[in-house]
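Asker: Next up, target.csv (CSV, C-alpha atoms).
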```csv
chain,number,residue,atom,x,y,z
A,1084,MET,CA,77.8,121.0,-76.4
A,1085,HIS,CA,76.0,124.1,-75.1
A,1086,ILE,CA,74.9,126.9,-77.4
A,1087,ARG,CA,73.3,130.1,-76.1
A,1088,LEU,CA,71.2,132.3,-78.5
A,1089,SER,CA,70.4,135.9,-77.6
A,1090,SER,CA,66.9,135.5,-78.9
A,1091,TRP,CA,64.5,132.9,-80.4
A,1092,LYS,CA,64.7,135.0,-83.6
A,1093,TYR,CA,68.1,133.5,-84.4
A,1094,PHE,CA,67.0,129.9,-83.9
A,1095,HIS,CA,66.0,129.4,-87.6
A,1096,ASP,CA,69.4,130.7,-88.8
A,1097,TYR,CA,71.3,128.5,-86.4
A,1098,ILE,CA,69.4,125.4,-87.5
A,1099,ARG,CA,69.9,126.3,-91.2
A,1100,GLN,CA,73.6,126.9,-90.8
A,1101,GLU,CA,74.6,124.1,-88.4
A,1102,PHE,CA,72.0,121.3,-88.9
A,1103,LEU,CA,70.6,121.4,-92.4
A,1104,ASP,CA,73.0,118.8,-93.7
A,1105,PHE,CA,72.7,116.6,-90.6
A,1106,PRO,CA,69.2,115.0,-90.8
A,1107,ASN,CA,69.9,112.3,-88.2
A,1108,TYR,CA,69.3,114.4,-85.1
A,1109,VAL,CA,66.1,114.3,-83.1
A,1110,TRP,CA,64.8,117.3,-81.0
A,1111,ARG,CA,63.2,118.0,-77.7
A,1112,GLY,CA,62.0,121.3,-76.2
A,1113,GLN,CA,62.0,121.9,-72.5
A,1114,ARG,CA,60.5,124.9,-70.6
A,1115,ASP,CA,63.5,125.5,-68.4
A,1116,ALA,CA,67.1,125.2,-69.6
A,1117,ILE,CA,68.3,123.9,-66.3
A,1118,TRP,CA,66.1,120.8,-66.4
A,1119,PRO,CA,67.9,117.5,-67.2
A,1120,LEU,CA,66.6,115.1,-69.8
A,1121,GLU,CA,64.7,113.1,-67.2
A,1122,THR,CA,61.8,110.8,-67.7
A,1123,SER,CA,58.5,111.1,-65.8
A,1124,LEU,CA,59.1,107.6,-64.2
A,1125,ASP,CA,62.5,108.7,-62.9
A,1126,ARG,CA,60.9,111.7,-61.4
A,1127,ALA,CA,58.2,109.6,-59.8
A,1128,LEU,CA,60.7,107.3,-58.3
A,1129,ARG,CA,62.7,110.0,-56.5
A,1130,GLY,CA,62.8,109.2,-52.8
A,1131,THR,CA,62.2,105.5,-53.2
A,1132,PRO,CA,65.0,103.0,-52.2
A,1133,VAL,CA,67.2,102.4,-55.2
A,1134,SER,CA,67.3,98.6,-54.6
A,1135,GLY,CA,63.5,98.4,-54.9
A,1136,ARG,CA,63.0,100.4,-58.0
A,1137,PRO,CA,63.2,97.6,-60.6
A,1138,ALA,CA,60.4,95.7,-58.8
A,1139,LEU,CA,58.3,98.9,-58.6
A,1140,VAL,CA,58.7,99.4,-62.3
A,1141,ARG,CA,57.7,95.9,-63.1
A,1142,ARG,CA,54.5,96.2,-60.9
A,1143,HIS,CA,53.7,99.6,-62.5
A,1144,PHE,CA,54.0,98.2,-66.0
A,1145,GLY,CA,52.0,95.1,-65.2
A,1146,LYS,CA,49.3,97.2,-63.5
A,1147,PHE,CA,48.9,99.3,-66.7
A,1148,LYS,CA,48.5,96.3,-68.9
A,1149,LEU,CA,45.8,94.9,-66.7
A,1150,ALA,CA,44.1,98.3,-66.3
A,1151,SER,CA,44.0,98.9,-70.0
A,1152,ARG,CA,41.7,95.8,-70.7
A,1153,GLY,CA,38.6,96.9,-72.5
A,1154,ARG,CA,39.8,100.5,-72.8
A,1155,ARG,CA,41.5,100.4,-76.2
A,1156,GLY,CA,38.4,100.3,-78.3
A,1157,SER,CA,36.9,97.4,-80.2
A,1158,ASN,CA,39.2,94.9,-81.9
A,1159,PRO,CA,42.5,96.7,-80.8
A,1160,GLN,CA,45.8,95.9,-82.5
A,1161,LYS,CA,47.8,93.3,-80.7
A,1162,ILE,CA,50.8,94.7,-78.9
A,1163,GLU,CA,53.9,92.5,-79.2
A,1164,SER,CA,56.6,94.4,-77.4
A,1165,GLU,CA,57.2,96.0,-74.0
A,1166,ASN,CA,58.3,99.3,-75.6
A,1167,GLU,CA,55.0,99.5,-77.6
A,1168,TRP,CA,53.1,99.1,-74.3
A,1169,TRP,CA,55.3,101.8,-72.7
A,1170,ALA,CA,54.5,104.1,-75.7
A,1171,ILE,CA,50.8,103.7,-75.2
A,1172,ALA,CA,51.2,104.4,-71.5
A,1173,GLN,CA,53.2,107.5,-72.2
A,1174,HIS,CA,50.5,108.8,-74.6
A,1175,ASN,CA,47.9,108.3,-72.0
A,1176,GLY,CA,49.7,110.2,-69.2
A,1177,MET,CA,51.3,107.4,-67.2
A,1178,ALA,CA,54.8,107.8,-65.8
A,1179,THR,CA,57.1,105.8,-68.1
A,1180,PRO,CA,60.9,105.3,-68.8
A,1181,LEU,CA,60.4,107.0,-72.2
A,1182,LEU,CA,61.3,110.6,-73.2
A,1183,ASP,CA,59.4,112.4,-76.0
A,1184,TRP,CA,61.4,113.7,-79.0
A,1185,THR,CA,60.4,115.0,-82.5
A,1186,GLU,CA,62.1,115.0,-85.9
A,1187,SER,CA,61.4,118.7,-86.2
A,1188,PRO,CA,63.5,121.4,-84.4
A,1189,PHE,CA,60.7,123.9,-84.8
A,1190,VAL,CA,58.1,121.5,-83.2
A,1191,ALA,CA,60.7,121.3,-80.3
A,1192,LEU,CA,60.9,125.1,-80.2
A,1193,TYR,CA,57.1,125.2,-79.9
A,1194,PHE,CA,57.0,122.8,-77.0
A,1195,ALA,CA,59.8,124.8,-75.3
A,1196,PHE,CA,57.7,128.0,-75.4
A,1197,HIS,CA,54.0,127.1,-75.6
A,1198,LYS,CA,53.3,127.1,-71.8
A,1199,ASP,CA,53.2,130.5,-70.1
A,1200,THR,CA,55.7,129.8,-67.3
A,1201,SER,CA,58.6,131.6,-65.8
A,1202,PRO,CA,61.7,129.3,-66.0
A,1203,ALA,CA,64.0,129.6,-63.0
A,1204,SER,CA,67.0,130.0,-65.4
A,1205,GLY,CA,65.3,132.7,-67.5
A,1206,GLU,CA,65.9,130.4,-70.5
A,1207,ARG,CA,64.2,127.7,-72.3
A,1208,ALA,CA,66.0,124.9,-74.1
A,1209,VAL,CA,65.9,122.9,-77.3
A,1210,TRP,CA,68.0,119.8,-77.3
A,1211,ALA,CA,69.4,117.9,-80.3
A,1212,LEU,CA,70.4,114.3,-80.0
A,1213,GLY,CA,72.0,111.9,-82.3
A,1214,GLY,CA,74.0,112.3,-85.4
A,1215,GLY,CA,75.8,109.1,-86.2
A,1216,GLU,CA,77.3,108.7,-82.7
A,1217,ILE,CA,74.5,107.1,-80.8
A,1218,THR,CA,74.7,103.9,-82.9
A,1219,LYS,CA,78.4,103.8,-82.5
A,1220,ILE,CA,78.2,104.1,-78.7
A,1221,ASN,CA,75.5,101.4,-78.5
A,1222,ARG,CA,77.5,99.1,-80.6
A,1223,ARG,CA,80.5,99.6,-78.3
A,1224,ILE,CA,78.4,99.0,-75.2
A,1225,LYS,CA,76.9,95.8,-76.5
A,1226,ALA,CA,80.3,94.4,-77.5
A,1227,SER,CA,81.7,94.9,-74.0
A,1228,HIS,CA,78.6,94.0,-72.0
A,1229,THR,CA,78.0,90.6,-70.5
A,1230,GLY,CA,74.5,89.4,-69.5
A,1231,ASP,CA,71.1,90.8,-70.4
A,1232,ASP,CA,69.9,94.3,-70.9
A,1233,PRO,CA,73.0,96.3,-72.0
A,1234,PRO,CA,72.8,99.9,-70.8
A,1235,ILE,CA,72.2,101.4,-74.2
A,1236,LEU,CA,70.1,104.3,-75.4
A,1237,GLU,CA,67.2,103.1,-77.5
A,1238,TYR,CA,65.2,104.9,-80.1
A,1239,ILE,CA,61.6,103.8,-80.1
A,1240,ARG,CA,59.3,104.5,-83.0
A,1241,PRO,CA,55.9,102.9,-82.2
A,1242,SER,CA,54.1,101.2,-85.0
A,1243,GLN,CA,50.6,101.0,-83.6
A,1244,ASP,CA,47.8,103.2,-84.9
A,1245,GLU,CA,46.5,104.5,-81.6
A,1246,ASN,CA,48.5,107.8,-81.4
A,1247,ALA,CA,47.6,110.3,-84.1
A,1248,ARG,CA,49.4,113.0,-82.0
A,1249,LEU,CA,52.7,111.1,-82.4
A,1250,VAL,CA,52.4,111.1,-86.2
A,1251,ALA,CA,51.4,114.8,-86.3
A,1252,GLN,CA,54.4,115.8,-84.2
A,1253,GLY,CA,56.9,113.6,-86.0
A,1254,GLY,CA,57.4,112.0,-82.6
A,1255,LEU,CA,59.5,109.2,-81.2
A,1256,PHE,CA,60.9,108.2,-77.9
A,1257,THR,CA,64.2,107.4,-76.2
A,1258,LYS,CA,64.7,104.9,-73.4
A,1259,THR,CA,67.8,104.9,-71.2
A,1260,PRO,CA,68.5,102.7,-68.2
A,1261,LEU,CA,66.5,103.4,-65.1
A,1262,GLN,CA,67.6,106.6,-63.2
A,1263,ILE,CA,70.0,107.6,-65.9
A,1264,THR,CA,69.0,110.8,-67.8
A,1265,VAL,CA,69.8,111.1,-71.5
A,1266,ASP,CA,72.3,113.9,-70.8
A,1267,LYS,CA,74.1,111.8,-68.1
A,1268,TRP,CA,74.2,108.8,-70.4
A,1269,VAL,CA,75.8,110.8,-73.2
A,1270,THR,CA,78.3,112.4,-70.8
A,1271,SER,CA,79.3,108.9,-69.4
A,1272,ASN,CA,79.6,107.3,-72.8
A,1273,PHE,CA,80.5,109.8,-75.5
A,1274,THR,CA,84.2,109.7,-76.3
A,1275,SER,CA,84.3,110.5,-80.0
A,1276,THR,CA,86.9,112.8,-81.5
A,1277,SER,CA,85.1,113.0,-84.9
A,1278,GLY,CA,84.0,116.5,-84.2
A,1279,GLU,CA,80.3,115.6,-84.6
A,1280,ALA,CA,78.3,116.5,-81.5
A,1281,CYS,CA,76.2,113.7,-79.9
A,1282,LEU,CA,74.1,116.1,-77.8
A,1283,VAL,CA,73.5,119.8,-78.3
A,1284,LYS,CA,71.7,122.0,-75.8
A,1285,ILE,CA,70.4,125.3,-77.3
A,1286,SER,CA,69.4,127.8,-74.6
A,1287,ILE,CA,67.1,130.6,-75.6
A,1288,PRO,CA,65.9,133.5,-73.4
A,1289,THR,CA,62.2,133.2,-72.5
A,1290,ALA,CA,61.6,136.9,-73.5
A,1291,ASP,CA,59.2,137.6,-76.4
A,1292,ARG,CA,57.4,134.3,-76.0
A,1293,PRO,CA,54.2,135.6,-77.7
A,1294,GLN,CA,56.1,136.7,-80.8
A,1295,CYS,CA,57.8,133.3,-81.0
A,1296,LEU,CA,54.5,131.5,-80.8
A,1297,ARG,CA,52.8,133.9,-83.3
A,1298,THR,CA,55.6,133.2,-85.8
A,1299,LEU,CA,55.4,129.4,-85.3
A,1300,ASN,CA,51.6,129.6,-85.7
A,1301,ARG,CA,52.2,131.2,-89.2
A,1302,MET,CA,54.3,128.1,-89.9
A,1303,ASN,CA,51.3,126.0,-88.9
A,1304,ILE,CA,53.1,124.8,-85.8
A,1305,ASN,CA,50.5,125.0,-83.1
A,1306,HIS,CA,48.2,122.8,-81.0
A,1307,LEU,CA,45.7,122.5,-83.8
A,1308,SER,CA,48.2,120.8,-86.1
A,1309,LEU,CA,50.2,118.9,-83.4
A,1310,PHE,CA,47.2,117.6,-81.4
A,1311,PRO,CA,44.7,116.5,-84.1
A,1312,ASP,CA,41.8,116.1,-81.7
A,1313,LEU,CA,39.4,118.1,-79.6
A,1314,PHE,CA,42.0,118.9,-76.9
A,1315,GLY,CA,44.2,120.4,-79.6
A,1316,ALA,CA,41.3,122.5,-81.0
A,1317,GLY,CA,40.5,123.8,-77.5
A,1318,ALA,CA,44.1,124.6,-76.7
A,1319,HIS,CA,44.5,126.4,-80.0
A,1320,CYS,CA,41.5,128.6,-79.3
A,1321,ASN,CA,42.8,129.4,-75.9
A,1322,ALA,CA,46.1,130.5,-77.4
A,1323,ALA,CA,44.3,132.8,-79.8
A,1324,LEU,CA,42.4,134.3,-76.8
A,1325,GLN,CA,45.6,134.8,-74.7
A,1326,ILE,CA,48.1,136.0,-77.3
A,1327,LYS,CA,47.2,139.2,-79.2
A,1328,GLY,CA,47.5,138.8,-83.0
A,1329,TYR,CA,47.8,135.0,-82.8
```
Starting from the file, lay out its structure as structure tokens.
Answerer:
Amino acid sequence: MHIRLSSWKYFHDYIRQEFLDFPNYVWRGQRDAIWPLETSLDRALRGTPVSGRPALVRRHFGKFKLASRGRRGSNPQKIESENEWWAIAQHNGMATPLLDWTESPFVALYFAFHKDTSPASGERAVWALGGGEITKINRRIKASHTGDDPPILEYIRPSQDENARLVAQGGLFTKTPLQITVDKWVTSNFTSTSGEACLVKISIPTADRPQCLRTLNRMNINHLSLFPDLFGAGAHCNAALQIKGY
């Protein structure tokens, strides 16, 4: 489903009217509405032979685990799962098969607008994913799949204590099969006739970006609250310098 708003000013009303009674959605903001829901790892692998990509990913993952030795502080928490490792790598800037989401549509709106760029489409986007349909689709895929690694969409909510930003942002991740974007996965697998949308794209004109960010700042949605560290403090001060009345 694709919704176009004529201004960011109507975003709050749209969320209140259409999503207030549906808390199971997660949200992602993107700076250009034409961008797919693509992971940083999939972008990094463009131009590489398709047949060799799984081996490249395995080496990439193993290299990070090795390189992280001695860099997680004293007495770090033991990491049990591959997805927890990927989450730490994502937090520290490595290309991964994870995509960032948040439980707040207004945090997603902030990430769609916070960078002063000129999107090619002239619009920014907030995506909503979920409802009750993802679980149903995954169940159907698992029932019909033979062998290991069914091509499902996973929600990943890391449990380690190393990412204060994730907690502040109400963050989580999704993971889809390699080279399959979230929007492509949904298009390929969503067949429900229940009337509940599995993926909603909300396109918003990029105009009046400063006013949007000023309003979100009054709601305490800013780099200071979302990045509880010195980077967030610096970025928040930069925004106040660049946006009049911030």
Asker: Excluding range 1299-1303 of chain A and its own-chain neighbours fewer than 5 positions away, which residues fall within 9 Å of it when counting all atoms listed in the file? Please give them as JSON, numbers by chain.
Answerer: {"A": [1189, 1190, 1192, 1193, 1294, 1308, 1329]}
Asker: Using the file's own x, y and z axes, what box holds all listed atoms of range 1241-1249 of chain A with 8 Å on each side, keeping edges along x, y and z, and what are its centre and edge lengths in Å to one decimal, as JSON?
Answerer:
```
{"center_x": 51.2, "center_y": 107.0, "center_z": -83.2, "size_x": 25.4, "size_y": 28.0, "size_z": 19.6}
```
Asker: List as an mmCIF file with C-alpha atoms, keeping the file's coordinate frame the protein and nucleic acid residues near Ala1138 in chain A, meaning an atom at most 12 Å away when all atoms listed in the file are counted, but skip any in the same chain fewer than 6 places from it.
Answerer:
```cif
data_model
loop_
_atom_site.group_PDB
_atom_site.id
_atom_site.type_symbol
_atom_site.label_atom_id
_atom_site.label_comp_id
_atom_site.auth_asym_id
_atom_site.auth_seq_id
_atom_site.Cartn_x
_atom_site.Cartn_y
_atom_site.Cartn_z
ATOM 1 C CA LEU A 1128 60.700 107.300 -58.300
ATOM 2 C CA THR A 1131 62.200 105.500 -53.200
ATOM 3 C CA PRO A 1132 65.000 103.000 -52.200
ATOM 4 C CA PHE A 1144 54.000 98.200 -66.000
ATOM 5 C CA GLY A 1145 52.000 95.100 -65.200
ATOM 6 C CA LEU A 1261 66.500 103.400 -65.100
#
```
Asker: Which residue gives the smallest distance to Glu1237 in chain A among A:Lys1198, A:Leu1296, A:Pro1180, A:Leu1249, with only C-alpha atoms counted?
Answerer: A:Pro1180
Asker: Compile a residue-level contact table for range 1248-1303 of chain A against range 1214-1234 of chain A at a cut-off of 7 Å, reporting for every qualifying residue the shortest atom pair and its distance in Å to one decimal, with only C-alpha atoms counted, rows ordered by chain and ascending number, as JSON lines.
Answerer:
```
{"residue": "A:Pro1260", "atom": "CA", "partner": "A:Pro1234", "partner_atom": "CA", "distance": 5.8}
{"residue": "A:Asn1272", "atom": "CA", "partner": "A:Ile1220", "partner_atom": "CA", "distance": 6.9}
{"residue": "A:Phe1273", "atom": "CA", "partner": "A:Ile1220", "partner_atom": "CA", "distance": 6.9}
{"residue": "A:Cys1281", "atom": "CA", "partner": "A:Glu1216", "partner_atom": "CA", "distance": 5.8}
```
Asker: Write out as a ChimeraX atom specification the residues lying within 12 Å of Glu1163 in chain A, counting only C-alpha atoms and excluding same-chain residues fewer than 6 positions away.
Answerer: /A:1169,1241-1243
Asker: Write out, as a PDB file, in the frame of the given file, the residues just selected, with C-alpha atoms.
Answerer:
```pdb
ATOM      1  CA  TRP A1169      55.300 101.800 -72.700  1.00  0.00           C
ATOM      2  CA  PRO A1241      55.900 102.900 -82.200  1.00  0.00           C
ATOM      3  CA  SER A1242      54.100 101.200 -85.000  1.00  0.00           C
ATOM      4  CA  GLN A1243      50.600 101.000 -83.600  1.00  0.00           C
TER       5      GLN A1243
END
```
Asker: Identify, on the basis of all atoms listed in the file, every residue whose closest approach to Thr1200 in chain A does not exceed 10 Å; exclude the query and any residue fewer than 4 positions from it along the same chain; express the result as number ranges by chain.
Answerer: A: 1114-1115, 1196, 1289, 1292
Asker: Store the residues of this selection in a file with C-alpha atoms, as an mmCIF file, in the coordinates of the input.
Answerer:
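Generated output (part_39.cif):
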```cif
data_model
loop_
_atom_site.group_PDB
_atom_site.id
_atom_site.type_symbol
_atom_site.label_atom_id
_atom_site.label_comp_id
_atom_site.auth_asym_id
_atom_site.auth_seq_id
_atom_site.Cartn_x
_atom_site.Cartn_y
_atom_site.Cartn_z
ATOM 1 C CA ARG A 1114 60.500 124.900 -70.600
ATOM 2 C CA ASP A 1115 63.500 125.500 -68.400
ATOM 3 C CA PHE A 1196 57.700 128.000 -75.400
ATOM 4 C CA THR A 1289 62.200 133.200 -72.500
ATOM 5 C CA ARG A 1292 57.400 134.300 -76.000
#
```
Asker: Using only C-alpha atoms, which of the listed residues (A:Ala1208, A:Leu1282, A:Leu1088, A:Cys1295) sits closest to Trp1118 in chain A?
Answerer: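 Checking each candidate against Trp1118 in chain A, we get A:Ala1208 as the closest.
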Asker: Which is closest to Thr1122 in chain A among A:His1306, A:Lys1258, A:Arg1297, A:Arg1154, if we use all atoms listed in the file?
Answerer: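 Using all atoms listed in the file, Thr1122 in chain A sits closest to A:Lys1258.
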Asker: Taking (50.0, 111.0, -86.6) in the coordinates of the supplied file, I want to know which residues reach to within 12 Å of it, counting only C-alpha atoms; could you give the answer as a list in words?
Answerer: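 Here is the list of nearby residues: Thr1185, Arg1240, Pro1241, Ser1242, Gln1243, Asp1244, Glu1245, Asn1246, Ala1247, Arg1248, Leu1249, Val1250, Ala1251, Gln1252, Gly1253, Gly1254, Leu1255, Ser1308, Leu1309, Phe1310, Pro1311 and Asp1312 of chain A.
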Asker: Select, from A:Met1177, A:Ile1086, A:Leu1212, A:Val1133, the residue with the minimum atom-to-atom distance to Ser1151 in chain A, counting all atoms listed in the file.
Answerer: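 Among A:Met1177, A:Ile1086, A:Leu1212, A:Val1133, it is A:Met1177 that comes nearest to Ser1151 in chain A.
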Asker: Interatomic distance between CA of Leu1313 in chain A and CA of Lys1327 in chain A?
Answerer: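 Here the two named atoms are 22.5 Å from each other.
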Asker: For range 1201-1212 of chain A, supply N, CA, C and O atoms and format the output as a PDB file, keeping the file's coordinate frame.
Answerer:
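After the write, result_22.pdb holds the following:
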```pdb
ATOM      1  N   SER A1201      57.428 130.807 -66.017  1.00  0.00           N
ATOM      2  CA  SER A1201      58.600 131.600 -65.800  1.00  0.00           C
ATOM      3  C   SER A1201      59.768 130.678 -65.385  1.00  0.00           C
ATOM      4  O   SER A1201      59.895 130.316 -64.207  1.00  0.00           O
ATOM      5  N   PRO A1202      60.594 130.246 -66.334  1.00  0.00           N
ATOM      6  CA  PRO A1202      61.700 129.300 -66.000  1.00  0.00           C
ATOM      7  C   PRO A1202      62.655 129.934 -65.002  1.00  0.00           C
ATOM      8  O   PRO A1202      62.991 131.115 -65.092  1.00  0.00           O
ATOM      9  N   ALA A1203      63.087 129.126 -64.054  1.00  0.00           N
ATOM     10  CA  ALA A1203      64.000 129.600 -63.000  1.00  0.00           C
ATOM     11  C   ALA A1203      65.292 130.152 -63.632  1.00  0.00           C
ATOM     12  O   ALA A1203      65.899 131.094 -63.113  1.00  0.00           O
ATOM     13  N   SER A1204      65.720 129.573 -64.735  1.00  0.00           N
ATOM     14  CA  SER A1204      67.000 130.000 -65.400  1.00  0.00           C
ATOM     15  C   SER A1204      66.789 131.232 -66.237  1.00  0.00           C
ATOM     16  O   SER A1204      67.777 131.835 -66.662  1.00  0.00           O
ATOM     17  N   GLY A1205      65.525 131.590 -66.540  1.00  0.00           N
ATOM     18  CA  GLY A1205      65.300 132.700 -67.500  1.00  0.00           C
ATOM     19  C   GLY A1205      65.423 132.253 -68.927  1.00  0.00           C
ATOM     20  O   GLY A1205      65.275 133.067 -69.842  1.00  0.00           O
ATOM     21  N   GLU A1206      65.697 130.962 -69.153  1.00  0.00           N
ATOM     22  CA  GLU A1206      65.900 130.400 -70.500  1.00  0.00           C
ATOM     23  C   GLU A1206      65.112 129.160 -70.703  1.00  0.00           C
ATOM     24  O   GLU A1206      64.872 128.413 -69.762  1.00  0.00           O
ATOM     25  N   ARG A1207      64.743 128.943 -71.931  1.00  0.00           N
ATOM     26  CA  ARG A1207      64.200 127.700 -72.300  1.00  0.00           C
ATOM     27  C   ARG A1207      65.214 126.937 -73.178  1.00  0.00           C
ATOM     28  O   ARG A1207      66.232 127.524 -73.539  1.00  0.00           O
ATOM     29  N   ALA A1208      64.974 125.669 -73.462  1.00  0.00           N
ATOM     30  CA  ALA A1208      66.000 124.900 -74.100  1.00  0.00           C
ATOM     31  C   ALA A1208      65.425 124.016 -75.234  1.00  0.00           C
ATOM     32  O   ALA A1208      64.346 123.443 -75.077  1.00  0.00           O
ATOM     33  N   VAL A1209      66.144 123.917 -76.333  1.00  0.00           N
ATOM     34  CA  VAL A1209      65.900 122.900 -77.300  1.00  0.00           C
ATOM     35  C   VAL A1209      67.138 122.026 -77.410  1.00  0.00           C
ATOM     36  O   VAL A1209      68.260 122.528 -77.539  1.00  0.00           O
ATOM     37  N   TRP A1210      66.910 120.723 -77.277  1.00  0.00           N
ATOM     38  CA  TRP A1210      68.000 119.800 -77.300  1.00  0.00           C
ATOM     39  C   TRP A1210      68.022 119.017 -78.628  1.00  0.00           C
ATOM     40  O   TRP A1210      66.964 118.682 -79.171  1.00  0.00           O
ATOM     41  N   ALA A1211      69.225 118.752 -79.134  1.00  0.00           N
ATOM     42  CA  ALA A1211      69.400 117.900 -80.300  1.00  0.00           C
ATOM     43  C   ALA A1211      70.227 116.707 -79.957  1.00  0.00           C
ATOM     44  O   ALA A1211      71.282 116.824 -79.332  1.00  0.00           O
ATOM     45  N   LEU A1212      69.739 115.554 -80.342  1.00  0.00           N
ATOM     46  CA  LEU A1212      70.400 114.300 -80.000  1.00  0.00           C
ATOM     47  C   LEU A1212      70.634 113.448 -81.202  1.00  0.00           C
ATOM     48  O   LEU A1212      69.761 113.342 -82.061  1.00  0.00           O
TER      49      LEU A1212
END
```
